[in-house]
Amino acid sequence: MGVLASCTGSIGDGAADPESRPPNDDPDIDPDITLADQRVRRLTEREYHATVAALFGASLGEVPFPTASAPNGYDNSAAGLRVEGVLTQSLWNTTSEMADAGADVLLAEGCTPASETDEVCAAELLGELTARAYRRELDDTDREQLLTLFRAGAQGGTFREGLRVALRFVLQSPDLLYRRELGEAGDDGVAVLSGEETASLLAYLLTGEPPDERLRELATRGELSDGEVRASEVRRLLEGASAEAVIARFGQQWLEAEHLDLLARDPETYPEWATLREAFEEEAGHFFADAVLQEDAGLPALFRRSHTRGGDDLAAFYGASRDGDVLRFPDDERRGVLMLGGVLSHLAQAVQPSPVQRGHFVRTRLLCQTLPDPPPDLVVAPPPPDPTRTNRESWEETTNGPTCAVCHTLMNPIGFAFESFDAIGRYRTVDNGQAVDTTGTLGGTDVDAPFADAVELSELLAESEIARRCFAAHWSEFALGTSPSPARRRTAELAATTYMEGGSIAALIEDFVAADAFVRRRVVSEGESL
């Protein structure tokens, strides 16, 4: 209950002066010390299944992956992706049937074997597919390993069984499960990724799939070392159908608007919750991806956007006017990402909204500000519902003590701006028979000013340089699968010149991918873990 408790101290990273930065966030910092480390990075569950589907042209089945941790909210973080016993067993149990189906695909589309032990045809079928699965050229050891497995299956059996045995190995291989970001180390302690490694990094980042033929060709020719070529590939890949799902997932995770099925809402107060939560989660992804990919929006537009996408259930919930699946919010009631049902409902309790959670979200997630820790011996529960007072009045009484106020003055005023939205994000003007009070003042930022409601608060955030810097940091953390740090945030900002000058989020992606830091890694010394 950390966000509900009191705390002491002053606000951290991203404080009131937009020019002030933490000591290790100097504008002249050497970018090399903020590089991501050399590592091998496991595919996520989505990436694994998309890879298999791309190799065979169809799904071969689903491997049940254990739930991975998501440091900083992103499920592609390298720190949260490991192959452990549960996954190893799951792969062993599932890949036999997958390989069986895969053998049929290869036989239907490739060469015709001259005999049940035709190693020439087997090498042709397995070699091309395995090179794409491993996302690199095969060496003699790889080829001999595949043929050894084929022989073991075909001996006393059939050509098809030989393929199945080899494919089962490939589907469990570390070369398929992991993406290499090792590069070639230089004397300066920095490694530059190879063309093949860069192609994989780009492809999975923007499509969630292995490199296509175009990326493989560029890798072979060594052209992906050129930042302008990488930026051009960003534009191409963002136009493809696969990009929408990846960009939508980043948006959901940035907004923490996922796993809403795990949220409990009082069924008597919110009987519609069971049908709305899935729509909310899907909507958050659509909202973000549509703005980025179709409208070429910048961050300010995300705070101001007056329409969303959805069906009858969302149209009725929002009271929206509808043109096909485009829903326009009622004037002056809501705008932008902060007033989506999925975001607001995630930041609430079972019956009442939580201004502390909502204020904490804006401070930490959208402004990258670090709030002080609460005293270790203090726990404050949400105030119980009181029919004689508004939710705001209850929270003000609970958190107005001298110890509490130090921290809650940073969260409560922001959270109170959203009191016109209940615990599932439904618009309201009255709470317990009294008019809601959404007024407040934003402090500790570069856009400090009073506001009347959440719409005016969103207008302030749309103009914030701190918010722009924070979003660039979130993108870099997602793109590189790294944990946040002030120095890396500064590196992301330096790379995203067009975006920081008012450009679009797509421009941020292009700038970041074109930057040297995208393909450079700190060399991991002997004894360090990859």
# chains A, B, ... in the order shown; residues from 1 in each chain; ligands from 1

call {"tool": "select_by_dssp", "arguments": {"residues": "range 276-359 of chain A", "states": "alpha helix (DSSP H)", "output": "PDB file with N, CA and C atoms, in the first residue's frame"}}
result
ATOM      1  N   LEU A 276     -17.172  -4.797 -19.633  1.00  0.00           N
ATOM      2  CA  LEU A 276     -16.421  -3.626 -20.086  1.00  0.00           C
ATOM      3  C   LEU A 276     -14.904  -3.820 -20.040  1.00  0.00           C
ATOM      4  N   ARG A 277     -14.417  -4.616 -19.095  1.00  0.00           N
ATOM      5  CA  ARG A 277     -12.973  -4.629 -18.873  1.00  0.00           C
ATOM      6  C   ARG A 277     -12.190  -5.126 -20.084  1.00  0.00           C
ATOM      7  N   GLU A 278     -12.720  -6.106 -20.809  1.00  0.00           N
ATOM      8  CA  GLU A 278     -12.023  -6.570 -22.013  1.00  0.00           C
ATOM      9  C   GLU A 278     -12.025  -5.496 -23.090  1.00  0.00           C
ATOM     10  N   ALA A 279     -13.152  -4.796 -23.217  1.00  0.00           N
ATOM     11  CA  ALA A 279     -13.238  -3.717 -24.201  1.00  0.00           C
ATOM     12  C   ALA A 279     -12.278  -2.585 -23.843  1.00  0.00           C
ATOM     13  N   PHE A 280     -12.153  -2.281 -22.544  1.00  0.00           N
ATOM     14  CA  PHE A 280     -11.236  -1.228 -22.113  1.00  0.00           C
ATOM     15  C   PHE A 280      -9.798  -1.558 -22.475  1.00  0.00           C
ATOM     16  N   GLU A 281      -9.405  -2.784 -22.232  1.00  0.00           N
ATOM     17  CA  GLU A 281      -8.020  -3.185 -22.472  1.00  0.00           C
ATOM     18  C   GLU A 281      -7.697  -3.103 -23.964  1.00  0.00           C
ATOM     19  N   GLU A 282      -8.605  -3.592 -24.791  1.00  0.00           N
ATOM     20  CA  GLU A 282      -8.399  -3.522 -26.242  1.00  0.00           C
ATOM     21  C   GLU A 282      -8.391  -2.072 -26.712  1.00  0.00           C
ATOM     22  N   GLU A 283      -9.268  -1.263 -26.141  1.00  0.00           N
ATOM     23  CA  GLU A 283      -9.367   0.137 -26.545  1.00  0.00           C
ATOM     24  C   GLU A 283      -8.072   0.898 -26.292  1.00  0.00           C
ATOM     25  N   ALA A 284      -7.434   0.660 -25.151  1.00  0.00           N
ATOM     26  CA  ALA A 284      -6.209   1.390 -24.826  1.00  0.00           C
ATOM     27  C   ALA A 284      -5.140   1.171 -25.895  1.00  0.00           C
ATOM     28  N   GLY A 285      -5.009  -0.071 -26.362  1.00  0.00           N
ATOM     29  CA  GLY A 285      -4.045  -0.355 -27.417  1.00  0.00           C
ATOM     30  C   GLY A 285      -4.420   0.307 -28.722  1.00  0.00           C
ATOM     31  N   HIS A 286      -5.710   0.221 -29.100  1.00  0.00           N
ATOM     32  CA  HIS A 286      -6.173   0.865 -30.330  1.00  0.00           C
ATOM     33  C   HIS A 286      -5.945   2.374 -30.280  1.00  0.00           C
ATOM     34  N   PHE A 287      -6.281   2.971 -29.143  1.00  0.00           N
ATOM     35  CA  PHE A 287      -6.160   4.424 -28.996  1.00  0.00           C
ATOM     36  C   PHE A 287      -4.734   4.867 -29.289  1.00  0.00           C
ATOM     37  N   PHE A 288      -3.775   4.183 -28.687  1.00  0.00           N
ATOM     38  CA  PHE A 288      -2.376   4.559 -28.862  1.00  0.00           C
ATOM     39  C   PHE A 288      -1.897   4.273 -30.278  1.00  0.00           C
ATOM     40  N   ALA A 289      -2.154   3.069 -30.772  1.00  0.00           N
ATOM     41  CA  ALA A 289      -1.649   2.689 -32.098  1.00  0.00           C
ATOM     42  C   ALA A 289      -2.274   3.539 -33.190  1.00  0.00           C
ATOM     43  N   LEU A 299       3.286  13.418 -28.619  1.00  0.00           N
ATOM     44  CA  LEU A 299       2.770  13.203 -27.266  1.00  0.00           C
ATOM     45  C   LEU A 299       1.651  14.170 -26.907  1.00  0.00           C
ATOM     46  N   PRO A 300       1.737  15.475 -27.251  1.00  0.00           N
ATOM     47  CA  PRO A 300       0.626  16.374 -26.897  1.00  0.00           C
ATOM     48  C   PRO A 300      -0.725  15.900 -27.426  1.00  0.00           C
ATOM     49  N   ALA A 301      -0.733  15.332 -28.622  1.00  0.00           N
ATOM     50  CA  ALA A 301      -2.000  14.869 -29.197  1.00  0.00           C
ATOM     51  C   ALA A 301      -2.602  13.728 -28.385  1.00  0.00           C
ATOM     52  N   LEU A 302      -1.761  12.919 -27.742  1.00  0.00           N
ATOM     53  CA  LEU A 302      -2.290  11.837 -26.921  1.00  0.00           C
ATOM     54  C   LEU A 302      -3.048  12.367 -25.712  1.00  0.00           C
ATOM     55  N   PHE A 303      -2.627  13.517 -25.195  1.00  0.00           N
ATOM     56  CA  PHE A 303      -3.320  14.115 -24.063  1.00  0.00           C
ATOM     57  C   PHE A 303      -4.589  14.863 -24.489  1.00  0.00           C
ATOM     58  N   ARG A 304      -4.701  15.190 -25.784  1.00  0.00           N
ATOM     59  CA  ARG A 304      -5.804  16.035 -26.244  1.00  0.00           C
ATOM     60  C   ARG A 304      -6.812  15.299 -27.131  1.00  0.00           C
ATOM     61  N   ASP A 312     -20.536  -0.907 -29.536  1.00  0.00           N
ATOM     62  CA  ASP A 312     -21.724  -0.382 -28.856  1.00  0.00           C
ATOM     63  C   ASP A 312     -21.516  -0.225 -27.357  1.00  0.00           C
ATOM     64  N   ASP A 313     -20.805  -1.175 -26.744  1.00  0.00           N
ATOM     65  CA  ASP A 313     -20.633  -1.108 -25.290  1.00  0.00           C
ATOM     66  C   ASP A 313     -19.859   0.127 -24.873  1.00  0.00           C
ATOM     67  N   LEU A 314     -18.770   0.450 -25.597  1.00  0.00           N
ATOM     68  CA  LEU A 314     -17.995   1.635 -25.262  1.00  0.00           C
ATOM     69  C   LEU A 314     -18.735   2.915 -25.630  1.00  0.00           C
ATOM     70  N   ALA A 315     -19.469   2.903 -26.742  1.00  0.00           N
ATOM     71  CA  ALA A 315     -20.240   4.082 -27.135  1.00  0.00           C
ATOM     72  C   ALA A 315     -21.254   4.439 -26.056  1.00  0.00           C
ATOM     73  N   ALA A 316     -21.939   3.423 -25.530  1.00  0.00           N
ATOM     74  CA  ALA A 316     -22.925   3.671 -24.481  1.00  0.00           C
ATOM     75  C   ALA A 316     -22.245   4.133 -23.194  1.00  0.00           C
ATOM     76  N   PHE A 317     -21.125   3.516 -22.854  1.00  0.00           N
ATOM     77  CA  PHE A 317     -20.421   3.872 -21.625  1.00  0.00           C
ATOM     78  C   PHE A 317     -19.966   5.328 -21.645  1.00  0.00           C
ATOM     79  N   TYR A 318     -19.384   5.745 -22.768  1.00  0.00           N
ATOM     80  CA  TYR A 318     -18.869   7.104 -22.872  1.00  0.00           C
ATOM     81  C   TYR A 318     -19.948   8.129 -23.207  1.00  0.00           C
ATOM     82  N   GLY A 341     -11.277   4.589 -20.132  1.00  0.00           N
ATOM     83  CA  GLY A 341     -11.842   3.743 -19.097  1.00  0.00           C
ATOM     84  C   GLY A 341     -10.839   2.777 -18.509  1.00  0.00           C
ATOM     85  N   GLY A 342      -9.974   2.200 -19.333  1.00  0.00           N
ATOM     86  CA  GLY A 342      -9.004   1.235 -18.845  1.00  0.00           C
ATOM     87  C   GLY A 342      -7.977   1.845 -17.918  1.00  0.00           C
ATOM     88  N   VAL A 343      -7.559   3.081 -18.184  1.00  0.00           N
ATOM     89  CA  VAL A 343      -6.585   3.760 -17.332  1.00  0.00           C
ATOM     90  C   VAL A 343      -7.223   4.140 -16.000  1.00  0.00           C
ATOM     91  N   LEU A 344      -8.398   4.746 -16.068  1.00  0.00           N
ATOM     92  CA  LEU A 344      -9.073   5.205 -14.850  1.00  0.00           C
ATOM     93  C   LEU A 344      -9.493   4.048 -13.955  1.00  0.00           C
ATOM     94  N   SER A 345      -9.971   2.960 -14.553  1.00  0.00           N
ATOM     95  CA  SER A 345     -10.418   1.828 -13.729  1.00  0.00           C
ATOM     96  C   SER A 345      -9.240   1.107 -13.085  1.00  0.00           C
ATOM     97  N   HIS A 346      -8.099   1.102 -13.742  1.00  0.00           N
ATOM     98  CA  HIS A 346      -6.919   0.473 -13.148  1.00  0.00           C
ATOM     99  C   HIS A 346      -6.473   1.213 -11.894  1.00  0.00           C
ATOM    100  N   PRO A 355      -7.828   8.802  -5.771  1.00  0.00           N
ATOM    101  CA  PRO A 355      -7.052   9.963  -6.221  1.00  0.00           C
ATOM    102  C   PRO A 355      -5.560   9.795  -5.968  1.00  0.00           C
ATOM    103  N   VAL A 356      -5.183   9.034  -4.928  1.00  0.00           N
ATOM    104  CA  VAL A 356      -3.768   8.826  -4.650  1.00  0.00           C
ATOM    105  C   VAL A 356      -3.127   7.992  -5.754  1.00  0.00           C
ATOM    106  N   GLN A 357      -3.793   6.895  -6.148  1.00  0.00           N
ATOM    107  CA  GLN A 357      -3.246   6.079  -7.232  1.00  0.00           C
ATOM    108  C   GLN A 357      -3.178   6.878  -8.531  1.00  0.00           C
ATOM    109  N   ARG A 358      -4.194   7.661  -8.814  1.00  0.00           N
ATOM    110  CA  ARG A 358      -4.204   8.437 -10.064  1.00  0.00           C
ATOM    111  C   ARG A 358      -3.135   9.513 -10.048  1.00  0.00           C
ATOM    112  N   GLY A 359      -2.978  10.186  -8.926  1.00  0.00           N
ATOM    113  CA  GLY A 359      -1.922  11.191  -8.835  1.00  0.00           C
ATOM    114  C   GLY A 359      -0.536  10.575  -8.884  1.00  0.00           C
TER     115      GLY A 359
END

call {"tool": "select_by_dssp", "arguments": {"residues": "range 167-220 of chain A", "states": "strand (DSSP E or B)", "output": "list in words"}}
result
Tyr178, Arg179, Arg180, Glu181, Glu184, Ala185, Val190, Ala191 and Val192 of chain A

call {"tool": "write_last_selection", "arguments": {"atoms": "N, CA and C atoms", "output": "PDB file, in the first residue's frame"}}
result
ATOM      1  N   TYR A 178      16.558 -17.534 -28.031  1.00  0.00           N
ATOM      2  CA  TYR A 178      17.275 -16.328 -27.605  1.00  0.00           C
ATOM      3  C   TYR A 178      17.695 -15.486 -28.803  1.00  0.00           C
ATOM      4  N   ARG A 179      17.661 -14.185 -28.601  1.00  0.00           N
ATOM      5  CA  ARG A 179      18.212 -13.235 -29.562  1.00  0.00           C
ATOM      6  C   ARG A 179      19.576 -12.791 -29.049  1.00  0.00           C
ATOM      7  N   ARG A 180      20.559 -12.823 -29.901  1.00  0.00           N
ATOM      8  CA  ARG A 180      21.913 -12.437 -29.519  1.00  0.00           C
ATOM      9  C   ARG A 180      22.103 -10.934 -29.696  1.00  0.00           C
ATOM     10  N   GLU A 181      22.647 -10.284 -28.667  1.00  0.00           N
ATOM     11  CA  GLU A 181      23.075  -8.894 -28.753  1.00  0.00           C
ATOM     12  C   GLU A 181      24.484  -8.822 -28.182  1.00  0.00           C
ATOM     13  N   GLU A 184      30.585  -7.303 -31.984  1.00  0.00           N
ATOM     14  CA  GLU A 184      32.045  -7.472 -32.057  1.00  0.00           C
ATOM     15  C   GLU A 184      32.680  -6.435 -31.156  1.00  0.00           C
ATOM     16  N   ALA A 185      33.391  -6.895 -30.143  1.00  0.00           N
ATOM     17  CA  ALA A 185      33.948  -5.999 -29.134  1.00  0.00           C
ATOM     18  C   ALA A 185      35.160  -5.257 -29.667  1.00  0.00           C
ATOM     19  N   VAL A 190      33.358  -1.350 -26.036  1.00  0.00           N
ATOM     20  CA  VAL A 190      32.041  -1.258 -26.658  1.00  0.00           C
ATOM     21  C   VAL A 190      31.973  -2.248 -27.809  1.00  0.00           C
ATOM     22  N   ALA A 191      30.876  -2.981 -27.884  1.00  0.00           N
ATOM     23  CA  ALA A 191      30.651  -3.925 -28.978  1.00  0.00           C
ATOM     24  C   ALA A 191      29.583  -3.365 -29.906  1.00  0.00           C
ATOM     25  N   VAL A 192      29.808  -3.540 -31.200  1.00  0.00           N
ATOM     26  CA  VAL A 192      28.834  -3.098 -32.205  1.00  0.00           C
ATOM     27  C   VAL A 192      28.112  -4.332 -32.739  1.00  0.00           C
TER      28      VAL A 192
END

call {"tool": "closest_residue", "arguments": {"among": "A:Pro330, A:Ala50, A:Arg322, A:Thr482", "to": "Leu81 in chain A", "atoms": "only C-alpha atoms"}}
result
A:Thr482

call {"tool": "closest_atom_pairs", "arguments": {"of": "range 197-273 of chain A", "to": "range 510-517 of chain A", "cutoff": "12 Å", "atoms": "only C-alpha atoms", "output": "JSON lines"}}
result
{"residue": "A:Thr198", "atom": "CA", "partner": "A:Val513", "partner_atom": "CA", "distance": 10.0}
{"residue": "A:Ala199", "atom": "CA", "partner": "A:Val513", "partner_atom": "CA", "distance": 11.5}
{"residue": "A:Leu201", "atom": "CA", "partner": "A:Val513", "partner_atom": "CA", "distance": 9.8}
{"residue": "A:Leu202", "atom": "CA", "partner": "A:Val513", "partner_atom": "CA", "distance": 8.0}
{"residue": "A:Ala203", "atom": "CA", "partner": "A:Val513", "partner_atom": "CA", "distance": 11.5}
{"residue": "A:Leu205", "atom": "CA", "partner": "A:Val513", "partner_atom": "CA", "distance": 10.0}
{"residue": "A:Leu206", "atom": "CA", "partner": "A:Val513", "partner_atom": "CA", "distance": 10.5}
{"residue": "A:Leu224", "atom": "CA", "partner": "A:Ala514", "partner_atom": "CA", "distance": 9.6}
{"residue": "A:Ser225", "atom": "CA", "partner": "A:Asp516", "partner_atom": "CA", "distance": 8.8}
{"residue": "A:Asp226", "atom": "CA", "partner": "A:Ala514", "partner_atom": "CA", "distance": 7.7}
{"residue": "A:Gly227", "atom": "CA", "partner": "A:Ala514", "partner_atom": "CA", "distance": 4.0}
{"residue": "A:Glu228", "atom": "CA", "partner": "A:Ala514", "partner_atom": "CA", "distance": 6.1}
{"residue": "A:Val229", "atom": "CA", "partner": "A:Ala514", "partner_atom": "CA", "distance": 7.9}
{"residue": "A:Arg230", "atom": "CA", "partner": "A:Ala514", "partner_atom": "CA", "distance": 5.7}
{"residue": "A:Ala231", "atom": "CA", "partner": "A:Glu510", "partner_atom": "CA", "distance": 4.9}
{"residue": "A:Ser232", "atom": "CA", "partner": "A:Glu510", "partner_atom": "CA", "distance": 7.9}
{"residue": "A:Glu233", "atom": "CA", "partner": "A:Glu510", "partner_atom": "CA", "distance": 8.7}
{"residue": "A:Val234", "atom": "CA", "partner": "A:Glu510", "partner_atom": "CA", "distance": 6.0}
{"residue": "A:Arg235", "atom": "CA", "partner": "A:Glu510", "partner_atom": "CA", "distance": 7.4}
{"residue": "A:Arg236", "atom": "CA", "partner": "A:Glu510", "partner_atom": "CA", "distance": 10.7}
{"residue": "A:Leu237", "atom": "CA", "partner": "A:Glu510", "partner_atom": "CA", "distance": 10.9}
{"residue": "A:Leu238", "atom": "CA", "partner": "A:Glu510", "partner_atom": "CA", "distance": 10.1}

call {"tool": "write_last_selection", "arguments": {"atoms": "C-alpha atoms", "output": "compact mmCIF listing (two decimals), in the first residue's frame"}}
result
# COMPACT_ATOMS: atom_id res chain seq x y z
CA THR A 198 20.56 -5.61 -35.77
CA ALA A 199 18.02 -7.12 -38.17
CA LEU A 201 16.49 -6.28 -32.94
CA LEU A 202 14.64 -4.14 -35.47
CA ALA A 203 12.22 -6.85 -36.55
CA LEU A 205 10.90 -4.36 -31.84
CA LEU A 206 8.59 -3.17 -34.60
CA LEU A 224 22.18 -1.87 -41.26
CA SER A 225 25.26 -0.27 -39.72
CA ASP A 226 24.02 2.96 -41.36
CA GLY A 227 21.60 4.88 -39.12
CA GLU A 228 19.77 6.38 -42.10
CA VAL A 229 19.13 2.91 -43.50
CA ARG A 230 17.77 1.81 -40.13
CA ALA A 231 15.49 4.87 -39.99
CA SER A 232 14.20 4.05 -43.46
CA GLU A 233 13.43 0.53 -42.33
CA VAL A 234 11.49 1.92 -39.36
CA ARG A 235 9.19 3.76 -41.75
CA ARG A 236 8.72 0.64 -43.86
CA LEU A 237 8.06 -1.68 -40.94
CA LEU A 238 5.63 0.70 -39.26

call {"tool": "residues_around", "arguments": {"residues": "Phe421 in chain A", "least_positions_apart": "3", "cutoff": "12 Å", "atoms": "only C-alpha atoms", "output": "PyMOL selection string"}}
result
chain A and resi 317-318+333-334+338-345+347-348+351-355+358+391-392+415-418+424-431+436-438+453-455

call {"tool": "closest_residue", "arguments": {"among": "A:Asp266, A:Gly183, A:Ala462, A:Trp273", "to": "Arg305 in chain A", "atoms": "only C-alpha atoms"}}
result
A:Ala462

call {"tool": "closest_atom_pairs", "arguments": {"of": "range 384-477 of chain A", "to": "range 504-508 of chain A", "cutoff": "12 Å", "atoms": "only C-alpha atoms", "output": "CSV"}}
result
residue,atom,partner,partner_atom,distance
A:Arg468,CA,A:Ile505,CA,10.0
A:Arg469,CA,A:Leu508,CA,10.8
A:Phe471,CA,A:Ile505,CA,9.3
A:Ala472,CA,A:Leu508,CA,7.3
A:Ala473,CA,A:Leu508,CA,10.6
A:His474,CA,A:Leu508,CA,11.3
A:Trp475,CA,A:Leu508,CA,8.5
A:Ser476,CA,A:Leu508,CA,9.6

call {"tool": "write_last_selection", "arguments": {"atoms": "N, CA, C and O atoms", "output": "short mmCIF file (atom, residue, chain, number, x, y, z; two decimals), in the first residue's frame"}}
result
data_model
loop_
_atom_site.label_atom_id
_atom_site.label_comp_id
_atom_site.auth_asym_id
_atom_site.auth_seq_id
_atom_site.Cartn_x
_atom_site.Cartn_y
_atom_site.Cartn_z
N ARG A 468 7.58 14.97 -22.07
CA ARG A 468 8.18 14.50 -23.33
C ARG A 468 9.44 13.69 -23.06
O ARG A 468 9.67 12.65 -23.67
N ARG A 469 10.27 14.19 -22.16
CA ARG A 469 11.49 13.46 -21.81
C ARG A 469 11.15 12.10 -21.21
O ARG A 469 11.78 11.08 -21.51
N PHE A 471 8.47 10.25 -21.65
CA PHE A 471 7.96 9.31 -22.64
C PHE A 471 9.11 8.75 -23.48
O PHE A 471 9.13 7.55 -23.79
N ALA A 472 10.06 9.59 -23.85
CA ALA A 472 11.22 9.11 -24.62
C ALA A 472 11.97 8.05 -23.83
O ALA A 472 12.45 7.05 -24.39
N ALA A 473 12.07 8.24 -22.51
CA ALA A 473 12.75 7.24 -21.68
C ALA A 473 11.98 5.93 -21.68
O ALA A 473 12.58 4.85 -21.76
N HIS A 474 10.66 6.00 -21.59
CA HIS A 474 9.86 4.77 -21.61
C HIS A 474 10.05 4.03 -22.93
O HIS A 474 10.16 2.79 -22.95
N TRP A 475 10.09 4.77 -24.03
CA TRP A 475 10.28 4.10 -25.31
C TRP A 475 11.64 3.41 -25.36
O TRP A 475 11.76 2.28 -25.83
N SER A 476 12.68 4.08 -24.87
CA SER A 476 14.01 3.47 -24.90
C SER A 476 14.07 2.22 -24.04
O SER A 476 14.73 1.24 -24.40
#

call {"tool": "residues_around", "arguments": {"residues": "Gly443 in chain A", "least_positions_apart": "6", "cutoff": "9 Å", "atoms": "only C-alpha atoms", "output": "number ranges by chain"}}
result
A: 16, 410, 413, 449-450

call {"tool": "write_last_selection", "arguments": {"atoms": "all heavy atoms", "output": "mmCIF file, in the first residue's frame"}}
result
data_model
loop_
_atom_site.group_PDB
_atom_site.id
_atom_site.type_symbol
_atom_site.label_atom_id
_atom_site.label_comp_id
_atom_site.auth_asym_id
_atom_site.auth_seq_id
_atom_site.Cartn_x
_atom_site.Cartn_y
_atom_site.Cartn_z
ATOM 1 N N ALA A 16 10.943 20.503 -10.299
ATOM 2 C CA ALA A 16 10.250 21.670 -10.816
ATOM 3 C C ALA A 16 11.012 22.388 -11.913
ATOM 4 O O ALA A 16 10.426 22.830 -12.891
ATOM 5 C CB ALA A 16 9.977 22.633 -9.666
ATOM 6 N N LEU A 410 1.788 16.134 -3.288
ATOM 7 C CA LEU A 410 2.302 15.909 -4.637
ATOM 8 C C LEU A 410 1.381 15.018 -5.462
ATOM 9 O O LEU A 410 1.426 15.044 -6.695
ATOM 10 C CB LEU A 410 3.690 15.270 -4.563
ATOM 11 C CG LEU A 410 4.770 16.092 -3.865
ATOM 12 C CD1 LEU A 410 6.013 15.248 -3.645
ATOM 13 C CD2 LEU A 410 5.094 17.344 -4.668
ATOM 14 N N PRO A 413 -3.626 16.528 -5.285
ATOM 15 C CA PRO A 413 -4.211 17.524 -6.186
ATOM 16 C C PRO A 413 -4.361 17.022 -7.614
ATOM 17 O O PRO A 413 -5.348 17.345 -8.283
ATOM 18 C CB PRO A 413 -3.217 18.690 -6.104
ATOM 19 C CG PRO A 413 -2.554 18.537 -4.777
ATOM 20 C CD PRO A 413 -2.442 17.053 -4.578
ATOM 21 N N ALA A 449 0.510 25.221 -12.774
ATOM 22 C CA ALA A 449 -0.621 26.132 -12.948
ATOM 23 C C ALA A 449 -1.852 25.527 -12.294
ATOM 24 O O ALA A 449 -1.924 24.303 -12.110
ATOM 25 C CB ALA A 449 -0.904 26.385 -14.437
ATOM 26 N N PRO A 450 -2.835 26.350 -11.943
ATOM 27 C CA PRO A 450 -4.101 25.805 -11.456
ATOM 28 C C PRO A 450 -4.901 25.198 -12.607
ATOM 29 O O PRO A 450 -4.692 25.545 -13.777
ATOM 30 C CB PRO A 450 -4.807 27.035 -10.872
ATOM 31 C CG PRO A 450 -4.215 28.194 -11.598
ATOM 32 C CD PRO A 450 -2.792 27.814 -11.908
#

call {"tool": "residues_around", "arguments": {"residues": "Ala154 in chain A", "least_positions_apart": "4", "cutoff": "12 Å", "atoms": "only C-alpha atoms", "output": "list in words"}}
result
Pro113, Ser115, Glu116, Thr117, Asp118, Glu119, Ala122, Leu147, Thr148, Leu149, Phe150, Thr158, Phe159, Arg160, Glu161, Gly162, Leu163, Arg164, Val165 and Ala166 of chain A

call {"tool": "residues_around", "arguments": {"residues": "Gly433 in chain A", "least_positions_apart": "6", "cutoff": "10 Å", "atoms": "only C-alpha atoms", "output": "list in words"}}
result
Pro387, Thr388, Arg389 and Thr390 of chain A

call {"tool": "write_last_selection", "arguments": {"atoms": "C-alpha atoms", "output": "compact mmCIF listing (two decimals), in the first residue's frame"}}
result
# COMPACT_ATOMS: atom_id res chain seq x y z
CA PRO A 387 -22.42 8.33 2.31
CA THR A 388 -22.28 11.71 4.09
CA ARG A 389 -19.23 13.04 2.27
CA THR A 390 -17.59 12.95 -1.14

call {"tool": "closest_atom_pairs", "arguments": {"of": "range 115-177 of chain A", "to": "range 58-65 of chain A", "cutoff": "12 Å", "atoms": "only C-alpha atoms", "output": "CSV"}}
result
residue,atom,partner,partner_atom,distance
A:Leu167,CA,A:Leu60,CA,11.7
A:Arg168,CA,A:Leu60,CA,11.7
A:Leu171,CA,A:Val63,CA,10.4
A:Gln172,CA,A:Val63,CA,10.6

call {"tool": "residues_around", "arguments": {"residues": "Arg135 in chain A", "least_positions_apart": "3", "cutoff": "12 Å", "atoms": "only C-alpha atoms", "output": "ChimeraX atom specification"}}
result
/A:51,55,127-132,138,174-180,194-201,203-204,209-213,215-217,219-220

call {"tool": "atom_distance", "arguments": {"atom1": "CA of Ala99 in chain A", "atom2": "CA of Gly157 in chain A"}}
result
15.7 Å

call {"tool": "closest_residue", "arguments": {"among": "A:His360, A:Gly503, A:Gly156, A:Gly240", "to": "Asp296 in chain A", "atoms": "only C-alpha atoms"}}
result
A:Gly503
